[in-house]
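K.L.:
So that you have it, the file is protein-v7.csv, and it contains CSV, C-alpha atoms:
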```
chain,number,residue,atom,x,y,z
K,1348,MET,CA,-55.7,68.6,-125.3
K,1349,SER,CA,-55.5,72.3,-125.3
K,1350,THR,CA,-52.5,72.2,-122.9
K,1351,PHE,CA,-50.7,70.0,-125.4
K,1352,HIS,CA,-51.6,72.5,-128.2
K,1353,SER,CA,-50.4,75.5,-126.2
K,1354,LYS,CA,-47.2,74.1,-124.6
K,1355,THR,CA,-45.9,71.6,-127.1
K,1356,CYS,CA,-45.9,70.9,-130.8
K,1357,ILE,CA,-48.4,68.1,-130.3
K,1358,HIS,CA,-51.7,68.9,-132.0
K,1359,PHE,CA,-54.7,66.6,-131.9
K,1360,VAL,CA,-56.9,66.9,-135.0
K,1361,ALA,CA,-60.1,65.2,-136.0
K,1362,ARG,CA,-59.4,62.1,-138.1
K,1363,SER,CA,-60.0,62.3,-141.8
K,1364,THR,CA,-58.0,59.7,-143.8
K,1365,GLN,CA,-55.1,59.0,-141.4
K,1366,ALA,CA,-54.3,55.3,-141.2
K,1367,ASP,CA,-52.9,55.6,-137.7
K,1368,TYR,CA,-55.1,57.4,-135.2
K,1369,ILE,CA,-56.3,57.4,-131.6
K,1370,SER,CA,-59.9,56.6,-130.9
K,1371,ILE,CA,-61.1,58.1,-127.6
K,1372,GLU,CA,-63.8,55.8,-126.2
K,1373,ASN,CA,-65.9,55.3,-123.1
K,1374,LYS,CA,-64.6,51.8,-122.1
K,1375,ASP,CA,-64.2,50.2,-118.7
K,1376,GLY,CA,-61.4,52.3,-117.1
K,1377,CYS,CA,-58.7,54.8,-118.0
K,1378,PHE,CA,-56.1,53.3,-120.3
K,1379,SER,CA,-53.9,53.7,-123.4
K,1380,SER,CA,-51.3,51.6,-125.2
K,1381,LEU,CA,-47.8,52.9,-125.0
K,1382,GLY,CA,-46.7,54.9,-128.1
K,1383,ARG,CA,-48.0,54.6,-131.6
K,1384,THR,CA,-49.3,51.1,-132.3
K,1385,GLY,CA,-50.5,51.6,-135.9
K,1386,GLY,CA,-54.1,51.7,-137.1
K,1387,LYS,CA,-56.9,52.4,-134.6
K,1388,GLN,CA,-55.5,52.9,-131.1
K,1389,VAL,CA,-58.1,53.0,-128.4
K,1390,VAL,CA,-57.6,55.5,-125.5
K,1391,SER,CA,-60.2,54.8,-122.9
K,1392,PHE,CA,-61.8,57.4,-120.6
K,1393,SER,CA,-64.7,55.8,-118.7
K,1394,ARG,CA,-67.3,58.4,-118.0
K,1395,GLN,CA,-67.3,57.0,-114.4
K,1396,GLY,CA,-64.0,58.4,-113.1
K,1397,CYS,CA,-61.7,59.1,-116.0
K,1398,VAL,CA,-62.9,62.4,-117.6
K,1399,TYR,CA,-60.7,64.8,-115.6
K,1400,ASN,CA,-58.0,67.0,-117.0
K,1401,GLY,CA,-55.0,65.3,-115.3
K,1402,ILE,CA,-56.2,61.8,-116.2
K,1403,VAL,CA,-56.8,62.7,-119.8
K,1404,GLN,CA,-53.3,64.2,-120.0
K,1405,HIS,CA,-51.8,61.1,-118.3
K,1406,GLU,CA,-53.4,58.7,-120.8
K,1407,LEU,CA,-52.5,60.9,-123.8
K,1408,ASN,CA,-48.9,60.9,-122.6
K,1409,HIS,CA,-49.0,57.1,-122.7
K,1410,ALA,CA,-50.2,57.3,-126.3
K,1411,LEU,CA,-47.3,59.7,-127.0
K,1412,GLY,CA,-44.9,57.0,-125.8
K,1413,PHE,CA,-44.3,57.9,-122.1
K,1414,TYR,CA,-44.0,55.3,-119.3
K,1415,HIS,CA,-45.0,55.9,-115.7
K,1416,GLU,CA,-42.3,58.0,-113.9
K,1417,GLN,CA,-41.8,55.4,-111.2
K,1418,THR,CA,-40.8,52.9,-113.8
K,1419,ARG,CA,-37.8,54.9,-115.1
K,1420,SER,CA,-34.6,53.0,-115.6
K,1421,ASP,CA,-32.9,55.1,-112.8
K,1422,ARG,CA,-35.8,55.2,-110.4
K,1423,ASP,CA,-34.1,53.3,-107.6
K,1424,GLN,CA,-32.1,56.5,-106.8
K,1425,TYR,CA,-35.3,58.4,-106.2
K,1426,VAL,CA,-38.0,56.0,-105.0
K,1427,LYS,CA,-38.3,52.7,-103.1
K,1428,ILE,CA,-41.0,50.4,-104.5
K,1429,ASN,CA,-42.7,48.6,-101.6
K,1430,TRP,CA,-43.5,45.4,-103.5
K,1431,GLU,CA,-45.1,43.8,-100.4
K,1432,ASN,CA,-47.8,46.5,-100.3
K,1433,ILE,CA,-48.7,46.3,-104.0
K,1434,SER,CA,-51.8,44.4,-105.2
K,1435,PRO,CA,-50.2,41.5,-107.2
K,1436,ASP,CA,-52.4,42.0,-110.2
K,1437,MET,CA,-51.2,45.6,-110.5
K,1438,ALA,CA,-47.5,45.0,-110.0
K,1439,TYR,CA,-46.8,45.4,-113.7
K,1440,ASN,CA,-47.4,49.2,-113.2
K,1441,PHE,CA,-44.2,49.3,-111.1
K,1442,GLN,CA,-41.8,47.2,-113.2
K,1443,LYS,CA,-38.7,49.1,-114.1
K,1444,GLN,CA,-38.4,49.9,-117.8
K,1445,ASN,CA,-35.4,50.6,-120.1
K,1446,THR,CA,-36.4,54.2,-120.6
K,1447,ASN,CA,-34.9,57.0,-122.5
K,1448,ASN,CA,-34.9,59.7,-119.9
K,1449,GLN,CA,-33.8,62.4,-122.4
K,1450,ASN,CA,-31.3,63.8,-119.9
K,1451,THR,CA,-34.1,65.1,-117.8
K,1452,PRO,CA,-34.3,64.9,-114.0
K,1453,TYR,CA,-36.5,62.5,-112.1
K,1454,ASP,CA,-39.8,64.3,-111.7
K,1455,TYR,CA,-41.8,63.5,-108.5
K,1456,GLY,CA,-44.4,66.0,-109.8
K,1457,SER,CA,-44.9,64.4,-113.2
K,1458,ILE,CA,-48.4,63.8,-114.5
K,1459,MET,CA,-47.0,60.3,-115.1
K,1460,HIS,CA,-46.0,59.6,-111.5
K,1461,TYR,CA,-48.3,57.6,-109.3
K,1462,GLU,CA,-49.2,58.7,-105.8
K,1463,ARG,CA,-47.5,57.0,-102.8
K,1464,THR,CA,-50.4,54.5,-102.1
K,1465,ALA,CA,-51.3,53.6,-105.7
K,1466,PHE,CA,-52.6,50.1,-106.0
K,1467,SER,CA,-52.0,49.3,-102.3
K,1468,ILE,CA,-53.3,46.0,-100.9
K,1469,GLN,CA,-54.7,48.0,-98.0
K,1470,PRO,CA,-55.7,51.7,-97.7
K,1471,GLY,CA,-52.9,53.9,-96.5
K,1472,LEU,CA,-50.0,51.5,-97.1
K,1473,GLU,CA,-47.3,53.1,-99.2
K,1474,THR,CA,-46.4,51.4,-102.5
K,1475,ILE,CA,-43.9,54.1,-103.4
K,1476,THR,CA,-41.6,55.9,-100.9
K,1477,PRO,CA,-39.5,58.9,-102.1
K,1478,ILE,CA,-35.8,58.7,-101.2
K,1479,PRO,CA,-33.8,60.2,-99.6
K,1480,ASP,CA,-36.5,62.5,-98.3
K,1481,ARG,CA,-39.7,60.5,-97.8
K,1482,ARG,CA,-41.7,63.8,-97.2
K,1483,VAL,CA,-41.5,64.8,-100.9
K,1484,GLU,CA,-44.9,65.0,-102.5
K,1485,ILE,CA,-45.3,62.6,-105.4
K,1486,GLY,CA,-47.9,62.0,-108.0
K,1487,GLN,CA,-50.5,64.5,-109.2
K,1488,ARG,CA,-53.3,64.7,-111.7
K,1489,GLN,CA,-53.6,68.5,-112.0
K,1490,GLY,CA,-51.7,68.9,-115.3
K,1491,LEU,CA,-48.5,68.4,-117.2
K,1492,SER,CA,-45.4,69.4,-115.2
K,1493,ASN,CA,-42.7,71.6,-116.7
K,1494,THR,CA,-40.6,68.5,-117.1
K,1495,ASP,CA,-43.4,66.6,-118.8
K,1496,ILE,CA,-43.6,69.5,-121.3
K,1497,LEU,CA,-39.8,69.5,-121.7
K,1498,ARG,CA,-39.8,65.8,-122.4
K,1499,ILE,CA,-42.6,65.9,-125.0
K,1500,ASN,CA,-40.9,68.8,-126.8
K,1501,LYS,CA,-37.5,67.0,-126.7
K,1502,LEU,CA,-39.0,63.7,-128.0
K,1503,TYR,CA,-41.0,65.3,-130.8
K,1504,GLY,CA,-38.4,67.9,-131.7
K,1505,CYS,CA,-40.3,71.0,-130.8
```
As structure tokens, how would this structure be written, given the file I've shared?
P.N.:
Amino acid sequence: MSTFHSKTCIHFVARSTQADYISIENKDGCFSSLGRTGGKQVVSFSRQGCVYNGIVQHELNHALGFYHEQTRSDRDQYVKINWENISPDMAYNFQKQNTNNQNTPYDYGSIMHYERTAFSIQPGLETITPIPDRRVEIGQRQGLSNTDILRINKLYGC
């Protein structure tokens, strides 16, 4: 959260009387609804595997209204989705969305981009292949990229 505070105009504060708020909870898995839903909005960080800087930033970005990078409306120019290698129950994570890309470039290094074998039916099989250069590194959970920061600041008028 301190990264959001230092690099964007987003400031998370303790709830007092706010009608709309996020509730950070230890549920089964790492998840958040997309954008402001109204009322109590659960953001889950299971203590078993989710309490890491990059995962926290990823899920908070969902709460702020950001989709996965590989679901961008223009993604087919930058990645190939290998549907045959994706676990069927997780395919929704790869569905293209009608996104507002805010005139920012596709960001292979976004905190919101999945790694190349995410939700694969078999270890090592690529579910996402960068194009035209398949050697490009994709997906990371180290922290917000410069483009992530730019998008937050553009969306929230910072």
K.L.:
Using all atoms listed in the file, pick whichever of K:Tyr1399, K:Phe1351, K:Phe1378, K:Tyr1453 has the shortest atom-to-atom distance to Asn1440 in chain K.
P.N.:
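Residue with the minimum atom-to-atom distance to Asn1440 in chain K: K:Phe1378.
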K.L.:
For His1358 in chain K, which residue among K:Leu1411, K:Leu1381, K:Ile1371, K:Ile1478 is the nearest when counting all atoms listed in the file?
P.N.:
K:Leu1411
K.L.:
Out of K:Lys1387, K:His1352, K:Arg1481, K:Lys1501, which residue has the shortest atom-to-atom distance to Tyr1425 in chain K when counting all atoms listed in the file?
P.N.:
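Nearest to Tyr1425 in chain K: K:Arg1481.
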K.L.:
CA of Arg1383 in chain K and CA of Pro1435 in chain K are how many Å apart?
P.N.:
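CA of Pro1435 in chain K lies at a distance of 27.8 Å from CA of Arg1383 in chain K.
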K.L.:
Go ahead and compute the interatomic distance for CA of Arg1498 in chain K and CA of Gly1456 in chain K, in Å to one decimal.
P.N.:
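Between CA of Arg1498 in chain K and CA of Gly1456 in chain K the gap is 13.4 Å.
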K.L.:
Could you check which of K:Pro1477, K:Gly1396, K:Gly1412, K:Gly1471 is closest to Asn1447 in chain K, using all atoms listed in the file?
P.N.:
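Among K:Pro1477, K:Gly1396, K:Gly1412, K:Gly1471, it is K:Gly1412 that comes nearest to Asn1447 in chain K.
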K.L.:
Using only C-alpha atoms, which residues sit within 10 Å of Ile1357 in chain K once same-chain residues fewer than 6 positions away are excluded, as a ChimeraX atom specification?
P.N.:
/K:1348-1351,1411,1499-1500,1503,1505
K.L.:
Find the spatial neighbours of Thr1446 in chain K, counting all atoms listed in the file, within a cut-off of 9 Å - ignore same-chain residues fewer than 4 positions away - and output them as a PyMOL selection string.
P.N.:
chain K and resi 1413-1414+1418-1421
K.L.:
Residues as selected, C-alpha atoms, written as a compact mmCIF listing (two decimals), in the coordinates of the input, can you do that?
P.N.:
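Output contents, as saved in out.txt:
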```
# COMPACT_ATOMS: atom_id res chain seq x y z
CA PHE K 1413 -44.30 57.90 -122.10
CA TYR K 1414 -44.00 55.30 -119.30
CA THR K 1418 -40.80 52.90 -113.80
CA ARG K 1419 -37.80 54.90 -115.10
CA SER K 1420 -34.60 53.00 -115.60
CA ASP K 1421 -32.90 55.10 -112.80
```
K.L.:
Would you work out the distance separating CA of Asp1495 in chain K from CA of Ile1468 in chain K, expressed in Å to one decimal?
P.N.:
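That distance, rounded to one decimal, is 29.0 Å.
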K.L.:
So, counting all atoms listed in the file, which residue among K:Gln1417, K:Asn1432, K:Ser1370, K:Thr1464 is closest to Gln1444 in chain K?
P.N.:
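Using all atoms listed in the file, Gln1444 in chain K sits closest to K:Gln1417.
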K.L.:
For Lys1427 in chain K, which residue out of K:Phe1359, K:Phe1392, K:Phe1441, K:Phe1466 is the nearest one, using only C-alpha atoms?
P.N.:
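Ranking K:Phe1359, K:Phe1392, K:Phe1441, K:Phe1466 by distance to Lys1427 in chain K, first place goes to K:Phe1441.
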K.L.:
Here's a test: counting all atoms listed in the file, identify every protein, DNA and RNA residue with an atom at most 10 Å from (-52.6, 64.8, -114.8) in the file's coordinate frame, and state them as number ranges by chain.
P.N.:
K: 1399-1408, 1456-1460, 1486-1492
K.L.:
Using the atoms already present, construct N, CA and C atoms for range 1395-1428 of chain K and hand them back as a PDB file, in the frame of the given file.
P.N.:
```pdb
ATOM      1  N   GLN K1395     -67.273  57.190-115.861  1.00  0.00           N
ATOM      2  CA  GLN K1395     -67.300  57.000-114.400  1.00  0.00           C
ATOM      3  C   GLN K1395     -65.847  57.066-113.886  1.00  0.00           C
ATOM      4  N   GLY K1396     -65.279  58.253-113.732  1.00  0.00           N
ATOM      5  CA  GLY K1396     -64.000  58.400-113.100  1.00  0.00           C
ATOM      6  C   GLY K1396     -62.786  58.768-113.864  1.00  0.00           C
ATOM      7  N   CYS K1397     -62.901  58.865-115.172  1.00  0.00           N
ATOM      8  CA  CYS K1397     -61.700  59.100-116.000  1.00  0.00           C
ATOM      9  C   CYS K1397     -61.711  60.495-116.686  1.00  0.00           C
ATOM     10  N   VAL K1398     -62.845  61.143-116.753  1.00  0.00           N
ATOM     11  CA  VAL K1398     -62.900  62.400-117.600  1.00  0.00           C
ATOM     12  C   VAL K1398     -62.561  63.587-116.691  1.00  0.00           C
ATOM     13  N   TYR K1399     -61.261  63.648-116.395  1.00  0.00           N
ATOM     14  CA  TYR K1399     -60.700  64.800-115.600  1.00  0.00           C
ATOM     15  C   TYR K1399     -59.409  65.180-116.364  1.00  0.00           C
ATOM     16  N   ASN K1400     -59.097  66.449-116.323  1.00  0.00           N
ATOM     17  CA  ASN K1400     -58.000  67.000-117.000  1.00  0.00           C
ATOM     18  C   ASN K1400     -56.686  66.210-116.846  1.00  0.00           C
ATOM     19  N   GLY K1401     -56.281  65.961-115.609  1.00  0.00           N
ATOM     20  CA  GLY K1401     -55.000  65.300-115.300  1.00  0.00           C
ATOM     21  C   GLY K1401     -55.019  63.828-115.811  1.00  0.00           C
ATOM     22  N   ILE K1402     -56.144  63.148-115.716  1.00  0.00           N
ATOM     23  CA  ILE K1402     -56.200  61.800-116.200  1.00  0.00           C
ATOM     24  C   ILE K1402     -56.145  61.714-117.704  1.00  0.00           C
ATOM     25  N   VAL K1403     -56.819  62.641-118.358  1.00  0.00           N
ATOM     26  CA  VAL K1403     -56.800  62.700-119.800  1.00  0.00           C
ATOM     27  C   VAL K1403     -55.317  62.960-120.267  1.00  0.00           C
ATOM     28  N   GLN K1404     -54.639  63.905-119.626  1.00  0.00           N
ATOM     29  CA  GLN K1404     -53.300  64.200-120.000  1.00  0.00           C
ATOM     30  C   GLN K1404     -52.349  62.984-119.721  1.00  0.00           C
ATOM     31  N   HIS K1405     -52.576  62.276-118.624  1.00  0.00           N
ATOM     32  CA  HIS K1405     -51.800  61.100-118.300  1.00  0.00           C
ATOM     33  C   HIS K1405     -51.929  60.037-119.393  1.00  0.00           C
ATOM     34  N   GLU K1406     -53.154  59.720-119.774  1.00  0.00           N
ATOM     35  CA  GLU K1406     -53.400  58.700-120.800  1.00  0.00           C
ATOM     36  C   GLU K1406     -52.884  59.109-122.165  1.00  0.00           C
ATOM     37  N   LEU K1407     -53.056  60.378-122.512  1.00  0.00           N
ATOM     38  CA  LEU K1407     -52.500  60.900-123.800  1.00  0.00           C
ATOM     39  C   LEU K1407     -51.011  60.802-123.811  1.00  0.00           C
ATOM     40  N   ASN K1408     -50.384  61.033-122.659  1.00  0.00           N
ATOM     41  CA  ASN K1408     -48.900  60.900-122.600  1.00  0.00           C
ATOM     42  C   ASN K1408     -48.491  59.461-122.848  1.00  0.00           C
ATOM     43  N   HIS K1409     -49.264  58.486-122.366  1.00  0.00           N
ATOM     44  CA  HIS K1409     -49.000  57.100-122.700  1.00  0.00           C
ATOM     45  C   HIS K1409     -49.031  56.900-124.223  1.00  0.00           C
ATOM     46  N   ALA K1410     -50.077  57.421-124.846  1.00  0.00           N
ATOM     47  CA  ALA K1410     -50.200  57.300-126.300  1.00  0.00           C
ATOM     48  C   ALA K1410     -49.055  57.944-127.036  1.00  0.00           C
ATOM     49  N   LEU K1411     -48.478  58.988-126.437  1.00  0.00           N
ATOM     50  CA  LEU K1411     -47.300  59.700-127.000  1.00  0.00           C
ATOM     51  C   LEU K1411     -46.021  58.896-126.800  1.00  0.00           C
ATOM     52  N   GLY K1412     -46.054  57.859-125.950  1.00  0.00           N
ATOM     53  CA  GLY K1412     -44.900  57.000-125.800  1.00  0.00           C
ATOM     54  C   GLY K1412     -44.217  57.103-124.394  1.00  0.00           C
ATOM     55  N   PHE K1413     -44.901  57.685-123.419  1.00  0.00           N
ATOM     56  CA  PHE K1413     -44.300  57.900-122.100  1.00  0.00           C
ATOM     57  C   PHE K1413     -44.763  56.845-121.083  1.00  0.00           C
ATOM     58  N   TYR K1414     -43.784  56.278-120.373  1.00  0.00           N
ATOM     59  CA  TYR K1414     -44.000  55.300-119.300  1.00  0.00           C
ATOM     60  C   TYR K1414     -44.396  56.103-118.009  1.00  0.00           C
ATOM     61  N   HIS K1415     -44.810  55.350-116.986  1.00  0.00           N
ATOM     62  CA  HIS K1415     -45.000  55.900-115.700  1.00  0.00           C
ATOM     63  C   HIS K1415     -43.616  56.355-115.132  1.00  0.00           C
ATOM     64  N   GLU K1416     -43.564  57.484-114.440  1.00  0.00           N
ATOM     65  CA  GLU K1416     -42.300  58.000-113.900  1.00  0.00           C
ATOM     66  C   GLU K1416     -41.614  57.023-112.998  1.00  0.00           C
ATOM     67  N   GLN K1417     -42.387  56.344-112.152  1.00  0.00           N
ATOM     68  CA  GLN K1417     -41.800  55.400-111.200  1.00  0.00           C
ATOM     69  C   GLN K1417     -41.248  54.153-111.830  1.00  0.00           C
ATOM     70  N   THR K1418     -41.356  54.017-113.150  1.00  0.00           N
ATOM     71  CA  THR K1418     -40.800  52.900-113.800  1.00  0.00           C
ATOM     72  C   THR K1418     -39.489  53.240-114.577  1.00  0.00           C
ATOM     73  N   ARG K1419     -39.047  54.492-114.435  1.00  0.00           N
ATOM     74  CA  ARG K1419     -37.800  54.900-115.100  1.00  0.00           C
ATOM     75  C   ARG K1419     -36.647  53.997-114.789  1.00  0.00           C
ATOM     76  N   SER K1420     -35.730  53.895-115.720  1.00  0.00           N
ATOM     77  CA  SER K1420     -34.600  53.000-115.600  1.00  0.00           C
ATOM     78  C   SER K1420     -33.704  53.409-114.357  1.00  0.00           C
ATOM     79  N   ASP K1421     -33.721  54.686-113.967  1.00  0.00           N
ATOM     80  CA  ASP K1421     -32.900  55.100-112.800  1.00  0.00           C
ATOM     81  C   ASP K1421     -33.726  55.402-111.564  1.00  0.00           C
ATOM     82  N   ARG K1422     -34.931  54.886-111.508  1.00  0.00           N
ATOM     83  CA  ARG K1422     -35.800  55.200-110.400  1.00  0.00           C
ATOM     84  C   ARG K1422     -35.358  54.813-109.027  1.00  0.00           C
ATOM     85  N   ASP K1423     -34.509  53.791-108.933  1.00  0.00           N
ATOM     86  CA  ASP K1423     -34.100  53.300-107.600  1.00  0.00           C
ATOM     87  C   ASP K1423     -33.250  54.338-106.849  1.00  0.00           C
ATOM     88  N   GLN K1424     -32.790  55.365-107.518  1.00  0.00           N
ATOM     89  CA  GLN K1424     -32.100  56.500-106.800  1.00  0.00           C
ATOM     90  C   GLN K1424     -33.055  57.453-106.218  1.00  0.00           C
ATOM     91  N   TYR K1425     -34.338  57.385-106.613  1.00  0.00           N
ATOM     92  CA  TYR K1425     -35.300  58.400-106.200  1.00  0.00           C
ATOM     93  C   TYR K1425     -36.518  57.892-105.453  1.00  0.00           C
ATOM     94  N   VAL K1426     -36.869  56.630-105.666  1.00  0.00           N
ATOM     95  CA  VAL K1426     -38.000  56.000-105.000  1.00  0.00           C
ATOM     96  C   VAL K1426     -37.713  54.591-104.596  1.00  0.00           C
ATOM     97  N   LYS K1427     -38.345  54.162-103.527  1.00  0.00           N
ATOM     98  CA  LYS K1427     -38.300  52.700-103.100  1.00  0.00           C
ATOM     99  C   LYS K1427     -39.688  52.183-103.458  1.00  0.00           C
ATOM    100  N   ILE K1428     -39.720  51.098-104.199  1.00  0.00           N
ATOM    101  CA  ILE K1428     -41.000  50.400-104.500  1.00  0.00           C
ATOM    102  C   ILE K1428     -41.208  49.379-103.417  1.00  0.00           C
TER     103      ILE K1428
END
```
